[in-house]
$ cat data.cif   # mmCIF, C-alpha atoms and all ligand atoms
data_start
loop_
_atom_site.label_atom_id
_atom_site.label_comp_id
_atom_site.auth_asym_id
_atom_site.auth_seq_id
_atom_site.Cartn_x
_atom_site.Cartn_y
_atom_site.Cartn_z
CA MET A 21 0.00 0.00 0.00
CA THR A 22 1.36 3.44 -0.86
CA ALA A 23 1.55 6.00 1.93
CA MET A 24 -1.20 8.60 2.12
CA ILE A 25 -0.40 12.14 1.00
CA ASN A 26 -0.64 14.47 3.98
CA VAL A 27 -2.11 17.89 3.19
CA VAL A 28 -2.52 20.77 5.63
CA GLY A 29 -4.89 23.72 5.33
CA ALA A 30 -5.71 26.88 7.23
CA ALA A 31 -9.11 28.25 8.13
CA VAL A 32 -7.81 31.81 8.36
CA VAL A 33 -10.29 33.87 10.38
CA ASP A 34 -10.30 37.55 11.30
CA SER A 35 -10.05 36.69 15.00
CA LEU A 36 -9.36 33.37 16.72
CA GLU A 37 -11.29 34.49 19.79
CA GLN A 38 -14.33 35.88 17.94
CA PRO A 39 -14.28 34.68 14.34
CA SER A 40 -16.69 36.54 12.08
CA ARG A 41 -14.99 36.08 8.69
CA LEU A 42 -13.14 33.28 6.92
CA LEU A 43 -10.54 33.72 4.19
CA ALA A 44 -11.40 31.48 1.24
CA ALA A 45 -8.98 31.04 -1.66
CA ARG A 46 -9.79 30.24 -5.30
CA ARG A 47 -7.44 27.73 -6.95
CA THR A 48 -5.93 28.19 -10.37
CA ALA A 49 -4.73 24.58 -10.97
CA PRO A 50 -4.96 21.72 -11.79
CA PRO A 51 -7.85 22.05 -14.28
CA LYS A 52 -10.13 19.79 -12.22
CA PHE A 53 -9.86 22.21 -9.24
CA ALA A 54 -9.36 25.52 -11.05
CA GLY A 55 -12.05 28.01 -10.04
CA MET A 56 -12.92 26.08 -6.88
CA TRP A 57 -12.47 27.49 -3.39
CA GLU A 58 -10.32 25.90 -0.72
CA PHE A 59 -8.35 26.32 2.47
CA PRO A 60 -4.92 27.72 1.59
CA GLY A 61 -2.23 25.17 2.33
CA GLY A 62 -0.54 22.25 0.64
CA LYS A 63 1.41 19.05 1.02
CA VAL A 64 3.58 18.26 4.00
CA GLU A 65 7.15 17.63 2.83
CA ALA A 66 9.32 14.76 4.01
CA GLY A 67 10.77 15.44 7.46
CA GLU A 68 8.48 18.42 8.06
CA SER A 69 5.86 18.69 10.80
CA ALA A 70 2.28 19.46 9.77
CA GLU A 71 2.35 22.82 11.55
CA ALA A 72 5.67 23.80 9.95
CA ALA A 73 4.29 22.87 6.53
CA LEU A 74 1.25 25.07 7.12
CA HIS A 75 3.38 28.08 8.12
CA ARG A 76 5.59 27.53 5.06
CA GLU A 77 2.64 27.22 2.65
CA LEU A 78 0.89 30.32 4.02
CA GLY A 79 4.10 32.30 3.61
CA GLU A 80 4.59 31.09 0.04
CA GLU A 81 0.98 31.31 -1.13
CA LEU A 82 -0.35 34.34 0.73
CA GLY A 83 2.71 36.15 2.09
CA ILE A 84 1.46 35.99 5.68
CA THR A 85 2.62 34.84 9.08
CA VAL A 86 -0.11 33.38 11.27
CA ARG A 87 -0.90 32.36 14.81
CA LEU A 88 -2.45 28.90 14.78
CA GLY A 89 -5.52 28.17 16.88
CA ARG A 90 -7.40 24.92 17.37
CA GLU A 91 -7.52 22.17 14.83
CA VAL A 92 -10.84 21.61 13.05
CA ASP A 93 -11.13 18.14 14.49
CA SER A 94 -11.99 15.36 12.09
CA GLY A 95 -12.12 12.61 14.67
CA SER A 96 -9.03 11.00 13.13
CA PRO A 97 -5.40 11.90 13.85
CA SER A 98 -4.58 11.93 10.14
CA GLY A 99 -7.36 14.37 9.32
CA TRP A 100 -10.15 14.64 6.79
CA PRO A 101 -10.21 12.29 3.82
CA LEU A 102 -9.83 14.16 0.49
CA ASN A 103 -9.72 11.17 -1.82
CA GLU A 104 -8.27 7.63 -1.90
CA GLN A 105 -4.72 8.96 -1.61
CA ALA A 106 -4.85 12.10 0.51
CA VAL A 107 -5.92 13.35 3.92
CA MET A 108 -5.96 16.92 5.20
CA ARG A 109 -5.59 18.44 8.67
CA VAL A 110 -7.02 21.96 9.07
CA TRP A 111 -6.28 24.55 11.75
CA PHE A 112 -7.92 27.84 12.60
CA ALA A 113 -5.41 30.63 12.07
CA GLU A 114 -5.21 34.40 12.50
CA VAL A 115 -2.92 36.68 10.53
CA SER A 116 -0.14 38.05 12.71
CA GLU A 117 1.97 39.66 9.96
CA GLY A 118 1.30 40.67 6.38
CA GLU A 119 -1.77 41.25 4.24
CA PRO A 120 -2.98 38.10 2.42
CA GLN A 121 -2.29 38.28 -1.32
CA PRO A 122 -2.86 35.58 -3.97
CA LEU A 123 0.87 35.18 -4.68
CA GLU A 124 0.81 31.52 -5.79
CA ASP A 125 -1.81 28.90 -6.66
CA HIS A 126 -4.82 31.26 -6.25
CA ASP A 127 -6.33 34.04 -8.33
CA GLU A 128 -8.73 35.40 -5.72
CA LEU A 129 -9.01 35.58 -1.96
CA ARG A 130 -12.28 36.45 -0.28
CA TRP A 131 -13.23 37.17 3.34
CA VAL A 132 -16.66 35.56 3.76
CA ARG A 133 -19.02 36.14 6.66
CA LEU A 134 -19.43 33.32 9.16
CA ASP A 135 -22.58 34.55 10.90
CA GLY A 136 -25.02 33.46 8.21
CA HIS A 137 -23.92 30.33 6.37
CA GLU A 138 -25.02 31.54 2.91
CA GLU A 139 -21.94 33.48 1.91
CA VAL A 140 -19.65 30.56 2.76
CA MET A 141 -21.84 27.79 1.38
CA GLU A 142 -22.57 29.49 -1.94
CA LEU A 143 -18.90 29.36 -2.96
CA PRO A 144 -18.04 26.38 -5.17
CA TRP A 145 -15.72 24.64 -2.69
CA ILE A 146 -13.64 21.62 -3.66
CA PRO A 147 -16.28 18.95 -2.89
CA ALA A 148 -14.02 17.10 -0.44
CA ASP A 149 -13.84 20.31 1.64
CA LEU A 150 -17.58 20.54 2.25
CA PRO A 151 -17.67 18.37 5.40
CA ILE A 152 -14.78 20.42 6.78
CA VAL A 153 -16.51 23.70 5.99
CA ARG A 154 -19.68 22.47 7.68
CA ALA A 155 -17.77 21.32 10.76
CA LEU A 156 -16.04 24.67 10.94
CA LEU A 157 -19.33 26.59 10.74
CA ASP A 158 -20.78 24.36 13.48
CA ARG A 159 -17.69 24.94 15.62
CA VAL A 160 -17.94 28.72 15.23
CA ALA A 161 -21.70 28.73 15.91
CA ALA A 162 -21.25 26.56 19.03
CA ALA A 163 -18.54 28.86 20.36
CA GLY A 164 -20.54 32.03 19.65
N1 LIG B 201 -4.39 23.21 -0.21
C1 LIG B 201 -5.53 22.53 -0.30
N2 LIG B 201 -5.57 21.38 -1.03
C2 LIG B 201 -6.74 20.73 -1.08
C3 LIG B 201 -7.90 21.19 -0.41
N3 LIG B 201 -8.92 20.32 -0.66
C4 LIG B 201 -8.43 19.34 -1.46
O1 LIG B 201 -9.03 18.37 -1.91
N4 LIG B 201 -7.09 19.60 -1.72
C5 LIG B 201 -6.24 18.76 -2.54
C6 LIG B 201 -5.79 19.41 -3.81
C7 LIG B 201 -4.47 18.79 -4.08
O2 LIG B 201 -4.69 17.54 -4.73
C8 LIG B 201 -3.92 18.49 -2.67
C9 LIG B 201 -3.02 19.60 -2.16
O3 LIG B 201 -2.08 19.88 -3.07
P1 LIG B 201 -1.49 21.33 -3.34
O4 LIG B 201 -1.36 21.46 -4.81
O5 LIG B 201 -2.28 22.40 -2.64
O6 LIG B 201 -0.10 21.17 -2.62
P2 LIG B 201 1.27 21.94 -2.83
O7 LIG B 201 0.99 23.43 -2.70
O8 LIG B 201 2.21 21.32 -1.88
O9 LIG B 201 1.59 21.69 -4.35
P3 LIG B 201 2.68 20.89 -5.18
O10 LIG B 201 3.98 21.09 -4.48
O11 LIG B 201 2.22 19.47 -5.23
O12 LIG B 201 2.57 21.57 -6.52
O13 LIG B 201 -5.06 18.41 -1.83
C10 LIG B 201 -7.84 22.39 0.34
O14 LIG B 201 -8.82 22.86 0.95
N5 LIG B 201 -6.64 23.01 0.38
#
$ encode --input "data.cif" --output "structure tokens" --more "lines below"
Ligand SMILES: Nc1nc2c([nH]c(=O)n2[C@H]2C[C@H](O)[C@@H](COP(=O)(O)OP(=O)(O)OP(=O)(O)O)O2)c(=O)[nH]1
Amino acid sequence: MTAMINVVGAAVVDSLEQPSRLLAARRTAPPKFAGMWEFPGGKVEAGESAEAALHRELGEELGITVRLGREVDSGSPSGWPLNEQAVMRVWFAEVSEGEPQPLEDHDELRWVRLDGHEEVMELPWIPADLPIVRALLDRVAAAG
């Protein structure tokens, strides 16, 4: 059996303590995901921790430094299944330095409101992200 690909993503929110907006990112590639919205992030490299990979990816893709908050728990230590080969762990994060810009892999970033679910749910997310987005909205609503 080949090893699973470990992906990490960030649910960047305006405030870890009182989140009211989420930063969604629109992918440019590959063609099957281009135009779909996702959590900025990427693959964990060999010898790298998941958290270090997330900080690296957010620096490369958005030009930001973040403070990580809680993980959006999937109930499994390896994270949320994306497909047969890949799993993704997702953390809440707040920008501590920089202004998010679509430097790599995205052509648009959008801060969407978390108080109603419409603005978030009407984006065409990568389908595998939908359970994660729903869990995140539930988490925010439960905390509010
Ligand atoms: N970053 C990210 N990837 C996701 C999400 N949902 C989802 O299915 N994926 C998939 C798409 C890709 O097949 C894989 C992540 O790969 P990536 O292309 O973002 O990783 P990377 O930046 O390290 O890219 P590369 O070095 O392979 O070019 O996970 C998501 O919300 N965020």
$ residues_near_point --input "data.cif" --point "(5.0, 35.3, -0.6)" --cutoff "10 Å" --atoms "only C-alpha atoms" --output "list in words"
Arg76, Glu77, Leu78, Gly79, Glu80, Glu81, Leu82, Gly83, Ile84, Thr85, Gly118, Pro120, Gln121, Pro122, Leu123 and Glu124 of chain A
$ closest_residue --input "data.cif" --among "A:Ile146, A:Ala163, A:Leu134, A:Val115" --to "A:Leu42" --atoms "only C-alpha atoms"
A:Leu134
$ residues_near_ligand --input "data.cif" --ligand "ligand LIG 201 (chain B)" --cutoff "10 Å" --atoms "only C-alpha atoms and all ligand atoms" --output "PyMOL selection string"
chain A and resi 25-31+44-50+52-53+56-65+73-74+76-78+80-81+100-103+105-110+124-126+145-150+152-153
$ closest_residue --input "data.cif" --among "A:Glu114, A:Asp158, A:Glu91, A:Glu139" --to "A:Ser35" --atoms "only C-alpha atoms"
A:Glu114
$ residues_near_point --input "data.cif" --point "(-11.2, 34.4, 10.5)" --cutoff "12 Å" --atoms "only C-alpha atoms" --output "count of residues only"
35
$ atom_distance --input "data.cif" --atom1 "atom CA of A:Asp93" --atom2 "atom CA of A:Pro144"
22.4 Å
$ axis_aligned_box --input "data.cif" --around "stretch 73-79 of chain A" --padding-each-side "4 Å" --output "JSON"
{"center_x": 3.2, "center_y": 27.6, "center_z": 5.4, "size_x": 12.7, "size_y": 17.4, "size_z": 13.5}
$ closest_residue --input "data.cif" --among "A:Arg90, A:Glu71, A:Glu128, A:Ala23" --to "A:Ala54" --atoms "only C-alpha atoms"
A:Glu128
$ build_atoms --input "data.cif" --residues "stretch 24-37 of chain A" --atoms "N, CA and C atoms" --output "mmCIF file, in the coordinates of the input"
data_model
loop_
_atom_site.group_PDB
_atom_site.id
_atom_site.type_symbol
_atom_site.label_atom_id
_atom_site.label_comp_id
_atom_site.auth_asym_id
_atom_site.auth_seq_id
_atom_site.Cartn_x
_atom_site.Cartn_y
_atom_site.Cartn_z
ATOM 1 N N MET A 24 -0.268 7.515 2.413
ATOM 2 C CA MET A 24 -1.200 8.600 2.120
ATOM 3 C C MET A 24 -0.439 9.916 1.980
ATOM 4 N N ILE A 25 -0.963 10.788 1.127
ATOM 5 C CA ILE A 25 -0.400 12.140 1.000
ATOM 6 C C ILE A 25 -1.019 12.980 2.110
ATOM 7 N N ASN A 26 -0.160 13.626 2.888
ATOM 8 C CA ASN A 26 -0.640 14.470 3.980
ATOM 9 C C ASN A 26 -0.688 15.925 3.530
ATOM 10 N N VAL A 27 -1.888 16.495 3.592
ATOM 11 C CA VAL A 27 -2.110 17.890 3.190
ATOM 12 C C VAL A 27 -2.499 18.649 4.461
ATOM 13 N N VAL A 28 -2.105 19.917 4.517
ATOM 14 C CA VAL A 28 -2.520 20.770 5.630
ATOM 15 C C VAL A 28 -3.197 22.011 5.060
ATOM 16 N N GLY A 29 -4.171 22.533 5.793
ATOM 17 C CA GLY A 29 -4.890 23.720 5.330
ATOM 18 C C GLY A 29 -5.180 24.634 6.495
ATOM 19 N N ALA A 30 -5.402 25.905 6.174
ATOM 20 C CA ALA A 30 -5.710 26.880 7.230
ATOM 21 C C ALA A 30 -7.093 27.471 7.021
ATOM 22 N N ALA A 31 -7.872 27.482 8.105
ATOM 23 C CA ALA A 31 -9.110 28.250 8.130
ATOM 24 C C ALA A 31 -8.714 29.589 8.737
ATOM 25 N N VAL A 32 -8.262 30.499 7.868
ATOM 26 C CA VAL A 32 -7.810 31.810 8.360
ATOM 27 C C VAL A 32 -9.052 32.629 8.677
ATOM 28 N N VAL A 33 -9.135 33.072 9.929
ATOM 29 C CA VAL A 33 -10.290 33.870 10.380
ATOM 30 C C VAL A 33 -9.787 35.229 10.841
ATOM 31 N N ASP A 34 -10.712 36.197 10.907
ATOM 32 C CA ASP A 34 -10.300 37.550 11.300
ATOM 33 C C ASP A 34 -9.874 37.614 12.758
ATOM 34 N N SER A 35 -10.422 36.713 13.588
ATOM 35 C CA SER A 35 -10.050 36.690 15.000
ATOM 36 C C SER A 35 -10.238 35.269 15.521
ATOM 37 N N LEU A 36 -9.219 34.726 16.168
ATOM 38 C CA LEU A 36 -9.360 33.370 16.720
ATOM 39 C C LEU A 36 -10.367 33.363 17.855
ATOM 40 N N GLU A 37 -10.396 34.448 18.620
ATOM 41 C CA GLU A 37 -11.290 34.490 19.790
ATOM 42 C C GLU A 37 -12.743 34.699 19.377
#
